[in-house]
>>> print(open('upload-v5.cif').read())   # mmCIF, N, CA and C atoms
data_run
#
loop_
_atom_site.label_atom_id
_atom_site.label_comp_id
_atom_site.auth_asym_id
_atom_site.auth_seq_id
_atom_site.Cartn_x
_atom_site.Cartn_y
_atom_site.Cartn_z
N MET A 1 -16.45 3.43 2.35
CA MET A 1 -16.78 2.93 1.04
C MET A 1 -15.66 3.25 0.05
N LYS A 2 -15.17 4.49 0.07
CA LYS A 2 -14.09 4.88 -0.83
C LYS A 2 -12.84 4.05 -0.54
N LYS A 3 -12.52 3.88 0.74
CA LYS A 3 -11.33 3.10 1.12
C LYS A 3 -11.47 1.66 0.66
N ASP A 4 -12.65 1.06 0.83
CA ASP A 4 -12.89 -0.32 0.38
C ASP A 4 -12.77 -0.43 -1.13
N ARG A 5 -13.33 0.54 -1.85
CA ARG A 5 -13.27 0.55 -3.31
C ARG A 5 -11.81 0.66 -3.77
N GLN A 6 -11.06 1.56 -3.16
CA GLN A 6 -9.68 1.75 -3.56
C GLN A 6 -8.81 0.54 -3.21
N LYS A 7 -9.09 -0.10 -2.09
CA LYS A 7 -8.37 -1.33 -1.73
C LYS A 7 -8.63 -2.41 -2.77
N LEU A 8 -9.88 -2.51 -3.23
CA LEU A 8 -10.24 -3.49 -4.27
C LEU A 8 -9.50 -3.18 -5.57
N ILE A 9 -9.39 -1.91 -5.91
CA ILE A 9 -8.66 -1.52 -7.13
C ILE A 9 -7.20 -1.95 -7.02
N ILE A 10 -6.59 -1.67 -5.88
CA ILE A 10 -5.19 -2.05 -5.66
C ILE A 10 -5.02 -3.56 -5.81
N ASP A 11 -5.88 -4.33 -5.13
CA ASP A 11 -5.81 -5.79 -5.21
C ASP A 11 -5.98 -6.26 -6.66
N PHE A 12 -6.88 -5.63 -7.39
CA PHE A 12 -7.17 -6.01 -8.77
C PHE A 12 -5.97 -5.75 -9.68
N ILE A 13 -5.38 -4.57 -9.58
CA ILE A 13 -4.25 -4.27 -10.48
C ILE A 13 -2.99 -5.05 -10.09
N GLU A 14 -2.88 -5.43 -8.81
CA GLU A 14 -1.72 -6.21 -8.40
C GLU A 14 -1.81 -7.67 -8.84
N SER A 15 -3.02 -8.15 -9.09
CA SER A 15 -3.17 -9.55 -9.47
C SER A 15 -3.57 -9.75 -10.94
N ASN A 16 -3.73 -8.65 -11.68
CA ASN A 16 -4.12 -8.71 -13.09
C ASN A 16 -3.36 -7.65 -13.88
N ASN A 17 -3.21 -7.88 -15.16
CA ASN A 17 -2.65 -6.86 -16.04
C ASN A 17 -3.80 -5.99 -16.55
N VAL A 18 -4.05 -4.90 -15.85
CA VAL A 18 -5.18 -4.02 -16.13
C VAL A 18 -4.67 -2.82 -16.90
N SER A 19 -5.22 -2.60 -18.10
CA SER A 19 -4.71 -1.52 -18.93
C SER A 19 -5.70 -0.39 -19.19
N THR A 20 -6.97 -0.57 -18.79
CA THR A 20 -7.95 0.48 -19.05
C THR A 20 -8.82 0.75 -17.82
N GLN A 21 -9.35 1.95 -17.79
CA GLN A 21 -10.30 2.31 -16.73
C GLN A 21 -11.57 1.48 -16.86
N GLU A 22 -11.94 1.14 -18.08
CA GLU A 22 -13.14 0.34 -18.32
C GLU A 22 -13.04 -1.02 -17.61
N GLU A 23 -11.86 -1.64 -17.62
CA GLU A 23 -11.67 -2.90 -16.91
C GLU A 23 -11.90 -2.72 -15.41
N ILE A 24 -11.42 -1.62 -14.88
CA ILE A 24 -11.59 -1.33 -13.45
C ILE A 24 -13.06 -1.11 -13.13
N ILE A 25 -13.75 -0.35 -13.97
CA ILE A 25 -15.18 -0.08 -13.78
C ILE A 25 -15.97 -1.38 -13.77
N LYS A 26 -15.72 -2.27 -14.74
CA LYS A 26 -16.43 -3.55 -14.81
C LYS A 26 -16.19 -4.40 -13.57
N MET A 27 -14.92 -4.45 -13.12
CA MET A 27 -14.59 -5.23 -11.93
C MET A 27 -15.31 -4.67 -10.72
N LEU A 28 -15.31 -3.34 -10.56
CA LEU A 28 -15.99 -2.71 -9.42
C LEU A 28 -17.48 -2.97 -9.47
N ASN A 29 -18.08 -2.87 -10.64
CA ASN A 29 -19.52 -3.13 -10.79
C ASN A 29 -19.84 -4.57 -10.40
N ARG A 30 -18.98 -5.53 -10.80
CA ARG A 30 -19.19 -6.94 -10.44
C ARG A 30 -19.10 -7.15 -8.93
N ASN A 31 -18.38 -6.26 -8.26
CA ASN A 31 -18.18 -6.39 -6.81
C ASN A 31 -19.06 -5.44 -6.00
N GLY A 32 -20.13 -4.93 -6.62
CA GLY A 32 -21.12 -4.16 -5.89
C GLY A 32 -20.88 -2.66 -5.81
N PHE A 33 -19.90 -2.15 -6.53
CA PHE A 33 -19.65 -0.71 -6.55
C PHE A 33 -20.14 -0.14 -7.87
N ASN A 34 -21.19 0.66 -7.82
CA ASN A 34 -21.73 1.30 -9.01
C ASN A 34 -20.98 2.61 -9.21
N VAL A 35 -19.99 2.62 -10.10
CA VAL A 35 -19.12 3.77 -10.27
C VAL A 35 -19.16 4.31 -11.69
N THR A 36 -18.75 5.56 -11.80
CA THR A 36 -18.62 6.19 -13.11
C THR A 36 -17.14 6.27 -13.48
N GLN A 37 -16.88 6.62 -14.72
CA GLN A 37 -15.51 6.79 -15.18
C GLN A 37 -14.83 7.90 -14.40
N ALA A 38 -15.56 8.95 -14.06
CA ALA A 38 -14.98 10.07 -13.31
C ALA A 38 -14.52 9.61 -11.92
N THR A 39 -15.29 8.75 -11.28
CA THR A 39 -14.92 8.23 -9.96
C THR A 39 -13.64 7.40 -10.06
N VAL A 40 -13.58 6.53 -11.06
CA VAL A 40 -12.38 5.70 -11.25
C VAL A 40 -11.18 6.57 -11.58
N SER A 41 -11.38 7.58 -12.36
CA SER A 41 -10.29 8.50 -12.70
C SER A 41 -9.73 9.18 -11.44
N ARG A 42 -10.63 9.62 -10.55
CA ARG A 42 -10.20 10.23 -9.28
C ARG A 42 -9.47 9.21 -8.41
N ASP A 43 -9.99 7.97 -8.38
CA ASP A 43 -9.33 6.92 -7.60
C ASP A 43 -7.91 6.66 -8.12
N ILE A 44 -7.76 6.63 -9.42
CA ILE A 44 -6.44 6.41 -10.03
C ILE A 44 -5.49 7.52 -9.62
N LYS A 45 -5.99 8.74 -9.61
CA LYS A 45 -5.15 9.87 -9.19
C LYS A 45 -4.82 9.78 -7.70
N ASP A 46 -5.83 9.50 -6.86
CA ASP A 46 -5.63 9.39 -5.42
C ASP A 46 -4.62 8.28 -5.07
N LEU A 47 -4.71 7.17 -5.79
CA LEU A 47 -3.85 6.02 -5.52
C LEU A 47 -2.48 6.15 -6.19
N LYS A 48 -2.31 7.21 -6.98
CA LYS A 48 -1.06 7.47 -7.69
C LYS A 48 -0.69 6.30 -8.60
N LEU A 49 -1.70 5.82 -9.33
CA LEU A 49 -1.46 4.75 -10.28
C LEU A 49 -0.90 5.33 -11.56
N VAL A 50 0.01 4.60 -12.15
CA VAL A 50 0.60 5.00 -13.43
C VAL A 50 0.59 3.79 -14.34
N LYS A 51 0.73 4.04 -15.64
CA LYS A 51 0.82 2.93 -16.59
C LYS A 51 2.29 2.64 -16.85
N GLU A 52 2.60 1.34 -16.86
CA GLU A 52 3.96 0.93 -17.21
C GLU A 52 3.87 0.00 -18.41
N HIS A 53 4.93 -0.01 -19.19
CA HIS A 53 5.00 -0.89 -20.35
C HIS A 53 5.50 -2.27 -19.93
N PHE A 54 4.95 -3.29 -20.56
CA PHE A 54 5.42 -4.67 -20.36
C PHE A 54 5.11 -5.44 -21.61
N GLY A 55 5.79 -6.53 -21.80
CA GLY A 55 5.54 -7.35 -22.98
C GLY A 55 5.76 -6.57 -24.27
N LYS A 56 5.06 -6.97 -25.30
CA LYS A 56 5.17 -6.31 -26.60
C LYS A 56 4.10 -5.24 -26.72
N ASN A 57 4.47 -4.00 -26.52
CA ASN A 57 3.57 -2.85 -26.68
C ASN A 57 2.32 -2.92 -25.82
N GLU A 58 2.42 -3.53 -24.65
CA GLU A 58 1.29 -3.58 -23.73
C GLU A 58 1.57 -2.67 -22.54
N THR A 59 0.49 -2.18 -21.93
CA THR A 59 0.63 -1.36 -20.73
C THR A 59 -0.28 -1.91 -19.64
N ARG A 60 0.02 -1.52 -18.40
CA ARG A 60 -0.83 -1.91 -17.27
C ARG A 60 -0.68 -0.87 -16.18
N TYR A 61 -1.71 -0.77 -15.34
CA TYR A 61 -1.66 0.13 -14.19
C TYR A 61 -0.82 -0.49 -13.09
N VAL A 62 0.01 0.34 -12.46
CA VAL A 62 0.80 -0.06 -11.29
C VAL A 62 0.83 1.12 -10.33
N ILE A 63 1.18 0.86 -9.09
CA ILE A 63 1.35 1.93 -8.11
C ILE A 63 2.68 2.60 -8.39
N SER A 64 2.68 3.91 -8.45
CA SER A 64 3.91 4.65 -8.68
C SER A 64 4.86 4.41 -7.53
N LYS A 65 5.91 3.65 -7.78
CA LYS A 65 6.85 3.28 -6.72
C LYS A 65 7.72 4.45 -6.29
N SER A 66 8.09 5.29 -7.21
CA SER A 66 9.01 6.38 -6.86
C SER A 66 8.40 7.31 -5.82
N GLU A 67 7.18 7.74 -6.04
CA GLU A 67 6.56 8.66 -5.09
C GLU A 67 6.20 7.97 -3.79
N THR A 68 5.60 6.79 -3.88
CA THR A 68 5.21 6.07 -2.68
C THR A 68 6.42 5.74 -1.83
N HIS A 69 7.45 5.19 -2.45
CA HIS A 69 8.61 4.78 -1.68
C HIS A 69 9.40 5.97 -1.15
N SER A 70 9.46 7.06 -1.90
CA SER A 70 10.22 8.22 -1.40
C SER A 70 9.51 8.85 -0.21
N ASN A 71 8.18 8.96 -0.26
CA ASN A 71 7.44 9.48 0.90
C ASN A 71 7.59 8.55 2.09
N PHE A 72 7.44 7.27 1.85
CA PHE A 72 7.57 6.26 2.89
C PHE A 72 8.95 6.35 3.54
N ALA A 73 10.00 6.37 2.73
CA ALA A 73 11.36 6.40 3.26
C ALA A 73 11.62 7.68 4.05
N MET A 74 11.14 8.81 3.56
CA MET A 74 11.38 10.07 4.25
C MET A 74 10.74 10.07 5.64
N ILE A 75 9.49 9.68 5.73
CA ILE A 75 8.80 9.66 7.01
C ILE A 75 9.44 8.63 7.94
N PHE A 76 9.74 7.46 7.41
CA PHE A 76 10.32 6.41 8.25
C PHE A 76 11.72 6.74 8.74
N THR A 77 12.55 7.29 7.88
CA THR A 77 13.92 7.58 8.33
C THR A 77 13.93 8.62 9.43
N ARG A 78 12.87 9.40 9.51
CA ARG A 78 12.78 10.42 10.56
C ARG A 78 11.99 9.95 11.78
N SER A 79 11.33 8.81 11.68
CA SER A 79 10.44 8.37 12.75
C SER A 79 10.81 7.05 13.41
N VAL A 80 11.25 6.09 12.64
CA VAL A 80 11.38 4.72 13.13
C VAL A 80 12.70 4.49 13.86
N LEU A 81 12.57 3.83 15.01
CA LEU A 81 13.74 3.45 15.81
C LEU A 81 14.11 1.98 15.63
N SER A 82 13.09 1.10 15.57
CA SER A 82 13.35 -0.33 15.42
C SER A 82 12.16 -1.02 14.77
N VAL A 83 12.43 -2.18 14.19
CA VAL A 83 11.40 -2.99 13.54
C VAL A 83 11.63 -4.43 13.98
N GLU A 84 10.64 -5.01 14.65
CA GLU A 84 10.75 -6.37 15.16
C GLU A 84 9.60 -7.22 14.63
N LEU A 85 9.81 -8.52 14.65
CA LEU A 85 8.81 -9.47 14.18
C LEU A 85 8.30 -10.28 15.36
N ALA A 86 6.98 -10.40 15.47
CA ALA A 86 6.34 -11.23 16.49
C ALA A 86 5.27 -12.07 15.80
N MET A 87 5.69 -13.23 15.31
CA MET A 87 4.81 -14.12 14.54
C MET A 87 4.32 -13.37 13.30
N ASN A 88 3.01 -13.13 13.19
CA ASN A 88 2.49 -12.45 12.01
C ASN A 88 2.30 -10.94 12.24
N ILE A 89 2.93 -10.40 13.26
CA ILE A 89 2.83 -8.97 13.57
C ILE A 89 4.20 -8.33 13.48
N VAL A 90 4.28 -7.22 12.77
CA VAL A 90 5.49 -6.43 12.71
C VAL A 90 5.31 -5.29 13.72
N VAL A 91 6.24 -5.19 14.67
CA VAL A 91 6.18 -4.17 15.71
C VAL A 91 7.23 -3.11 15.38
N ILE A 92 6.75 -1.89 15.19
CA ILE A 92 7.62 -0.79 14.78
C ILE A 92 7.65 0.25 15.89
N LYS A 93 8.83 0.45 16.48
CA LYS A 93 9.00 1.46 17.53
C LYS A 93 9.45 2.75 16.88
N CYS A 94 8.83 3.86 17.30
CA CYS A 94 9.09 5.17 16.72
C CYS A 94 9.45 6.18 17.82
N TYR A 95 9.94 7.33 17.39
CA TYR A 95 10.11 8.42 18.33
C TYR A 95 8.72 8.80 18.85
N VAL A 96 8.67 9.26 20.10
CA VAL A 96 7.40 9.65 20.72
C VAL A 96 6.70 10.69 19.84
N GLY A 97 5.42 10.42 19.56
CA GLY A 97 4.60 11.36 18.80
C GLY A 97 4.66 11.20 17.30
N THR A 98 5.45 10.24 16.78
CA THR A 98 5.58 10.11 15.32
C THR A 98 4.95 8.85 14.75
N ALA A 99 4.46 7.96 15.60
CA ALA A 99 3.95 6.68 15.11
C ALA A 99 2.73 6.85 14.20
N ASN A 100 1.85 7.79 14.50
CA ASN A 100 0.67 7.97 13.64
C ASN A 100 1.05 8.37 12.23
N ALA A 101 1.96 9.31 12.08
CA ALA A 101 2.40 9.74 10.74
C ALA A 101 3.10 8.60 10.02
N ALA A 102 3.95 7.87 10.74
CA ALA A 102 4.64 6.74 10.13
C ALA A 102 3.64 5.66 9.71
N CYS A 103 2.61 5.46 10.49
CA CYS A 103 1.59 4.45 10.17
C CYS A 103 0.81 4.84 8.91
N VAL A 104 0.47 6.11 8.78
CA VAL A 104 -0.22 6.57 7.58
C VAL A 104 0.65 6.32 6.35
N ALA A 105 1.93 6.65 6.44
CA ALA A 105 2.84 6.40 5.33
C ALA A 105 2.91 4.91 5.02
N LEU A 106 2.95 4.09 6.05
CA LEU A 106 3.01 2.64 5.88
C LEU A 106 1.76 2.12 5.18
N GLU A 107 0.60 2.57 5.60
CA GLU A 107 -0.65 2.11 4.99
C GLU A 107 -0.75 2.52 3.52
N ASN A 108 -0.14 3.63 3.15
CA ASN A 108 -0.18 4.09 1.76
C ASN A 108 0.76 3.33 0.85
N THR A 109 1.60 2.47 1.40
CA THR A 109 2.49 1.67 0.56
C THR A 109 1.81 0.40 0.06
N HIS A 110 0.68 0.03 0.65
CA HIS A 110 -0.09 -1.15 0.24
C HIS A 110 0.77 -2.40 0.24
N MET A 111 1.42 -2.66 1.35
CA MET A 111 2.27 -3.84 1.48
C MET A 111 1.43 -5.10 1.39
N LYS A 112 2.03 -6.15 0.86
CA LYS A 112 1.33 -7.41 0.62
C LYS A 112 0.95 -8.10 1.93
N GLY A 113 -0.29 -8.53 2.01
CA GLY A 113 -0.74 -9.34 3.13
C GLY A 113 -1.06 -8.60 4.40
N VAL A 114 -1.10 -7.27 4.35
CA VAL A 114 -1.42 -6.50 5.55
C VAL A 114 -2.93 -6.50 5.75
N VAL A 115 -3.36 -6.91 6.94
CA VAL A 115 -4.79 -6.93 7.23
C VAL A 115 -5.21 -5.76 8.12
N GLY A 116 -4.24 -5.08 8.72
CA GLY A 116 -4.56 -3.91 9.52
C GLY A 116 -3.33 -3.35 10.21
N ALA A 117 -3.44 -2.09 10.60
CA ALA A 117 -2.34 -1.43 11.31
C ALA A 117 -2.94 -0.55 12.39
N ILE A 118 -2.28 -0.56 13.55
CA ILE A 118 -2.71 0.27 14.68
C ILE A 118 -1.49 1.04 15.16
N ALA A 119 -1.67 2.35 15.35
CA ALA A 119 -0.57 3.19 15.84
C ALA A 119 -0.95 3.82 17.17
N GLY A 120 -0.01 3.77 18.08
CA GLY A 120 -0.14 4.51 19.33
C GLY A 120 0.72 5.76 19.22
N ASP A 121 1.27 6.19 20.32
CA ASP A 121 2.11 7.38 20.34
C ASP A 121 3.50 7.09 19.80
N ASP A 122 4.03 5.90 20.13
CA ASP A 122 5.39 5.58 19.70
C ASP A 122 5.55 4.16 19.16
N THR A 123 4.43 3.47 18.91
CA THR A 123 4.50 2.09 18.44
C THR A 123 3.43 1.83 17.38
N ILE A 124 3.81 1.05 16.38
CA ILE A 124 2.88 0.60 15.34
C ILE A 124 2.83 -0.92 15.38
N PHE A 125 1.63 -1.49 15.37
CA PHE A 125 1.43 -2.93 15.19
C PHE A 125 0.87 -3.13 13.79
N LEU A 126 1.61 -3.85 12.97
CA LEU A 126 1.22 -4.14 11.60
C LEU A 126 0.85 -5.62 11.53
N ALA A 127 -0.46 -5.92 11.45
CA ALA A 127 -0.93 -7.30 11.42
C ALA A 127 -0.94 -7.80 9.98
N CYS A 128 -0.33 -8.95 9.77
CA CYS A 128 -0.25 -9.54 8.43
C CYS A 128 -1.01 -10.86 8.41
N ASP A 129 -1.40 -11.28 7.22
CA ASP A 129 -2.21 -12.50 7.09
C ASP A 129 -1.40 -13.79 7.23
N SER A 130 -0.07 -13.69 7.30
CA SER A 130 0.76 -14.88 7.49
C SER A 130 2.10 -14.47 8.10
N VAL A 131 2.76 -15.43 8.68
CA VAL A 131 4.09 -15.19 9.23
C VAL A 131 5.05 -14.83 8.10
N GLU A 132 4.90 -15.49 6.96
CA GLU A 132 5.75 -15.22 5.80
C GLU A 132 5.61 -13.78 5.31
N ASN A 133 4.37 -13.30 5.17
CA ASN A 133 4.18 -11.91 4.73
C ASN A 133 4.69 -10.92 5.77
N ALA A 134 4.53 -11.25 7.04
CA ALA A 134 5.06 -10.36 8.09
C ALA A 134 6.58 -10.26 7.98
N ALA A 135 7.25 -11.40 7.79
CA ALA A 135 8.71 -11.39 7.66
C ALA A 135 9.14 -10.61 6.41
N ASN A 136 8.44 -10.82 5.30
CA ASN A 136 8.76 -10.09 4.08
C ASN A 136 8.55 -8.59 4.26
N ASN A 137 7.46 -8.20 4.92
CA ASN A 137 7.19 -6.78 5.15
C ASN A 137 8.22 -6.17 6.09
N ARG A 138 8.62 -6.91 7.12
CA ARG A 138 9.67 -6.43 8.02
C ARG A 138 10.95 -6.18 7.23
N ASN A 139 11.32 -7.13 6.40
CA ASN A 139 12.54 -6.99 5.60
C ASN A 139 12.44 -5.81 4.63
N GLU A 140 11.26 -5.60 4.05
CA GLU A 140 11.07 -4.46 3.14
C GLU A 140 11.23 -3.15 3.90
N ILE A 141 10.65 -3.08 5.10
CA ILE A 141 10.77 -1.87 5.92
C ILE A 141 12.24 -1.63 6.29
N LEU A 142 12.92 -2.67 6.70
CA LEU A 142 14.34 -2.53 7.07
C LEU A 142 15.18 -2.06 5.88
N SER A 143 14.89 -2.58 4.70
CA SER A 143 15.66 -2.16 3.53
C SER A 143 15.38 -0.70 3.18
N MET A 144 14.14 -0.26 3.41
CA MET A 144 13.82 1.15 3.17
C MET A 144 14.58 2.05 4.16
N LEU A 145 14.76 1.59 5.36
CA LEU A 145 15.46 2.38 6.37
C LEU A 145 16.94 2.50 6.06
N LYS A 146 17.50 1.53 5.36
CA LYS A 146 18.93 1.54 5.02
C LYS A 146 19.25 2.52 3.90
N ASP A 147 18.29 2.80 3.03
CA ASP A 147 18.52 3.69 1.88
C ASP A 147 18.78 5.12 2.28
#
>>> encode(input="upload-v5.cif", output="structure tokens")
Amino acid sequence: MKKDRQKLIIDFIESNNVSTQEEIIKMLNRNGFNVTQATVSRDIKDLKLVKEHFGKNETRYVISKSETHSNFAMIFTRSVLSVELAMNIVVIKCYVGTANAACVALENTHMKGVVGAIAGDDTIFLACDSVENAANNRNEILSMLKD
């Protein structure tokens, strides 16, 4: 339930300019989640959401890129051997025993169009909702590995 609620929050802030917790609460209530301000506040902290300025004196919630990307890059640079594309699936080969940690880091980046990820001992299958999103996610992963 918490994971579903937080996924909905991510989707909501990525597709709307959300500037208050009240907006998030109303959206969650409309989608069947009866939440309090304290719950939303904890979710914002868990998801590492921050407010950024845009437009004329406006703010909106976004995922903190610096922390998410630095954690992602650190785990991946130590784990990933190769990244390949197979239609709408990104196949990530890792050192033996590191795929689970790399997969957790990957799932916390909330990449666009990801419908699921499965990790074995040395391989991650990242299923995307389209070939285009899979290619974009592969390219994003490769660029993170280069940094």
>>> resolve_selection(input="upload-v5.cif", expression="the PyMOL selection byres (((chain A and resi 119 and name CA) around 12) and name CA)", output="list in words")
Val90, Val91, Ile92, Lys93, Cys94, Val96, Gly97, Thr98, Ala99, Asn100, Ala101, Ala102, Cys103, Val104, Ala105, Leu106, Glu107, Gly116, Ala117, Ile118, Gly120, Asp121, Asp122, Thr123, Ile124, Phe125, Leu126 and Ala127 of chain A
>>> closest_residue(input="upload-v5.cif", among="A:Ala134, A:Ile10, A:Lys45, A:Gly55", to="Ala86 of chain A", atoms="all atoms listed in the file")
A:Ala134
>>> select_by_dssp(input="upload-v5.cif", residues="chain A", states="strand (DSSP E)", output="PyMOL selection string")
chain A and resi 49-54+58-63+80-86+89-94+114-119+123-128
>>> closest_residue(input="upload-v5.cif", among="A:Thr109, A:Tyr61, A:Val80, A:Arg42", to="Ser19 of chain A", atoms="all atoms listed in the file")
A:Tyr61
>>> closest_residue(input="upload-v5.cif", among="A:Asp46, A:Arg78, A:Asn17, A:Thr36", to="Thr59 of chain A", atoms="all atoms listed in the file")
A:Asn17
>>> axis_aligned_box(input="upload-v5.cif", around="segment 139-143 of chain A", padding_each_side="8 Å", output="lines of an AutoDock Vina configuration file")
center_x = 13.2
center_y = -3.9
center_z = 5.1
size_x = 21.0
size_y = 22.4
size_z = 19.9
>>> closest_residue(input="upload-v5.cif", among="A:Leu8, A:Thr20, A:Val50, A:Arg60", to="Gly32 of chain A", atoms="only C-alpha atoms")
A:Leu8
>>> closest_residue(input="upload-v5.cif", among="A:Glu23, A:Glu132, A:Glu140, A:Glu14", to="Ile63 of chain A", atoms="only N, CA and C atoms")
A:Glu14
>>> select_by_dssp(input="upload-v5.cif", residues="chain A", states="helix (DSSP H, G or I)", output="count of residues only")
74
>>> decode(input="upload-v5.cif", residues="segment 35-56 of chain A", atoms="N, CA and C atoms", output="CSV table (one decimal), in the first residue's frame")
chain,number,residue,atom,x,y,z
A,35,VAL,N,-5.4,9.6,3.6
A,35,VAL,CA,-4.2,9.9,4.3
A,35,VAL,C,-4.3,11.2,5.1
A,36,THR,N,-3.3,11.3,6.0
A,36,THR,CA,-3.2,12.6,6.8
A,36,THR,C,-2.0,13.4,6.3
A,37,GLN,N,-1.9,14.6,6.8
A,37,GLN,CA,-0.8,15.4,6.4
A,37,GLN,C,0.5,14.8,6.9
A,38,ALA,N,0.5,14.2,8.1
A,38,ALA,CA,1.7,13.5,8.6
A,38,ALA,C,2.2,12.4,7.7
A,39,THR,N,1.3,11.6,7.2
A,39,THR,CA,1.6,10.5,6.2
A,39,THR,C,2.3,11.1,5.0
A,40,VAL,N,1.7,12.1,4.4
A,40,VAL,CA,2.2,12.8,3.2
A,40,VAL,C,3.6,13.4,3.5
A,41,SER,N,3.7,14.0,4.7
A,41,SER,CA,5.0,14.5,5.1
A,41,SER,C,6.1,13.4,5.1
A,42,ARG,N,5.8,12.3,5.7
A,42,ARG,CA,6.7,11.2,5.8
A,42,ARG,C,7.0,10.6,4.4
A,43,ASP,N,6.0,10.6,3.5
A,43,ASP,CA,6.2,10.1,2.1
A,43,ASP,C,7.2,11.1,1.4
A,44,ILE,N,7.0,12.4,1.6
A,44,ILE,CA,7.9,13.4,1.0
A,44,ILE,C,9.3,13.2,1.4
A,45,LYS,N,9.5,12.9,2.7
A,45,LYS,CA,10.8,12.7,3.2
A,45,LYS,C,11.4,11.4,2.7
A,46,ASP,N,10.6,10.3,2.7
A,46,ASP,CA,11.1,9.0,2.2
A,46,ASP,C,11.5,9.1,0.7
A,47,LEU,N,10.7,9.8,-0.1
A,47,LEU,CA,10.9,9.9,-1.5
A,47,LEU,C,12.0,11.0,-1.9
A,48,LYS,N,12.4,11.7,-0.8
A,48,LYS,CA,13.5,12.7,-1.0
A,48,LYS,C,13.0,13.8,-2.0
A,49,LEU,N,11.8,14.2,-1.8
A,49,LEU,CA,11.2,15.3,-2.6
A,49,LEU,C,11.7,16.6,-2.1
A,50,VAL,N,12.0,17.5,-3.0
A,50,VAL,CA,12.4,18.9,-2.6
A,50,VAL,C,11.6,19.8,-3.4
A,51,LYS,N,11.5,21.1,-3.0
A,51,LYS,CA,10.8,22.1,-3.8
A,51,LYS,C,11.9,22.8,-4.6
A,52,GLU,N,11.5,23.1,-5.9
A,52,GLU,CA,12.4,23.8,-6.8
A,52,GLU,C,11.6,25.0,-7.3
A,53,HIS,N,12.3,26.1,-7.6
A,53,HIS,CA,11.6,27.3,-8.1
A,53,HIS,C,11.5,27.2,-9.6
A,54,PHE,N,10.4,27.7,-10.1
A,54,PHE,CA,10.2,27.8,-11.6
A,54,PHE,C,9.2,28.9,-11.8
A,55,GLY,N,9.2,29.4,-13.1
A,55,GLY,CA,8.3,30.5,-13.4
A,55,GLY,C,8.6,31.7,-12.5
A,56,LYS,N,7.6,32.5,-12.3
A,56,LYS,CA,7.7,33.8,-11.5
A,56,LYS,C,7.3,33.4,-10.1
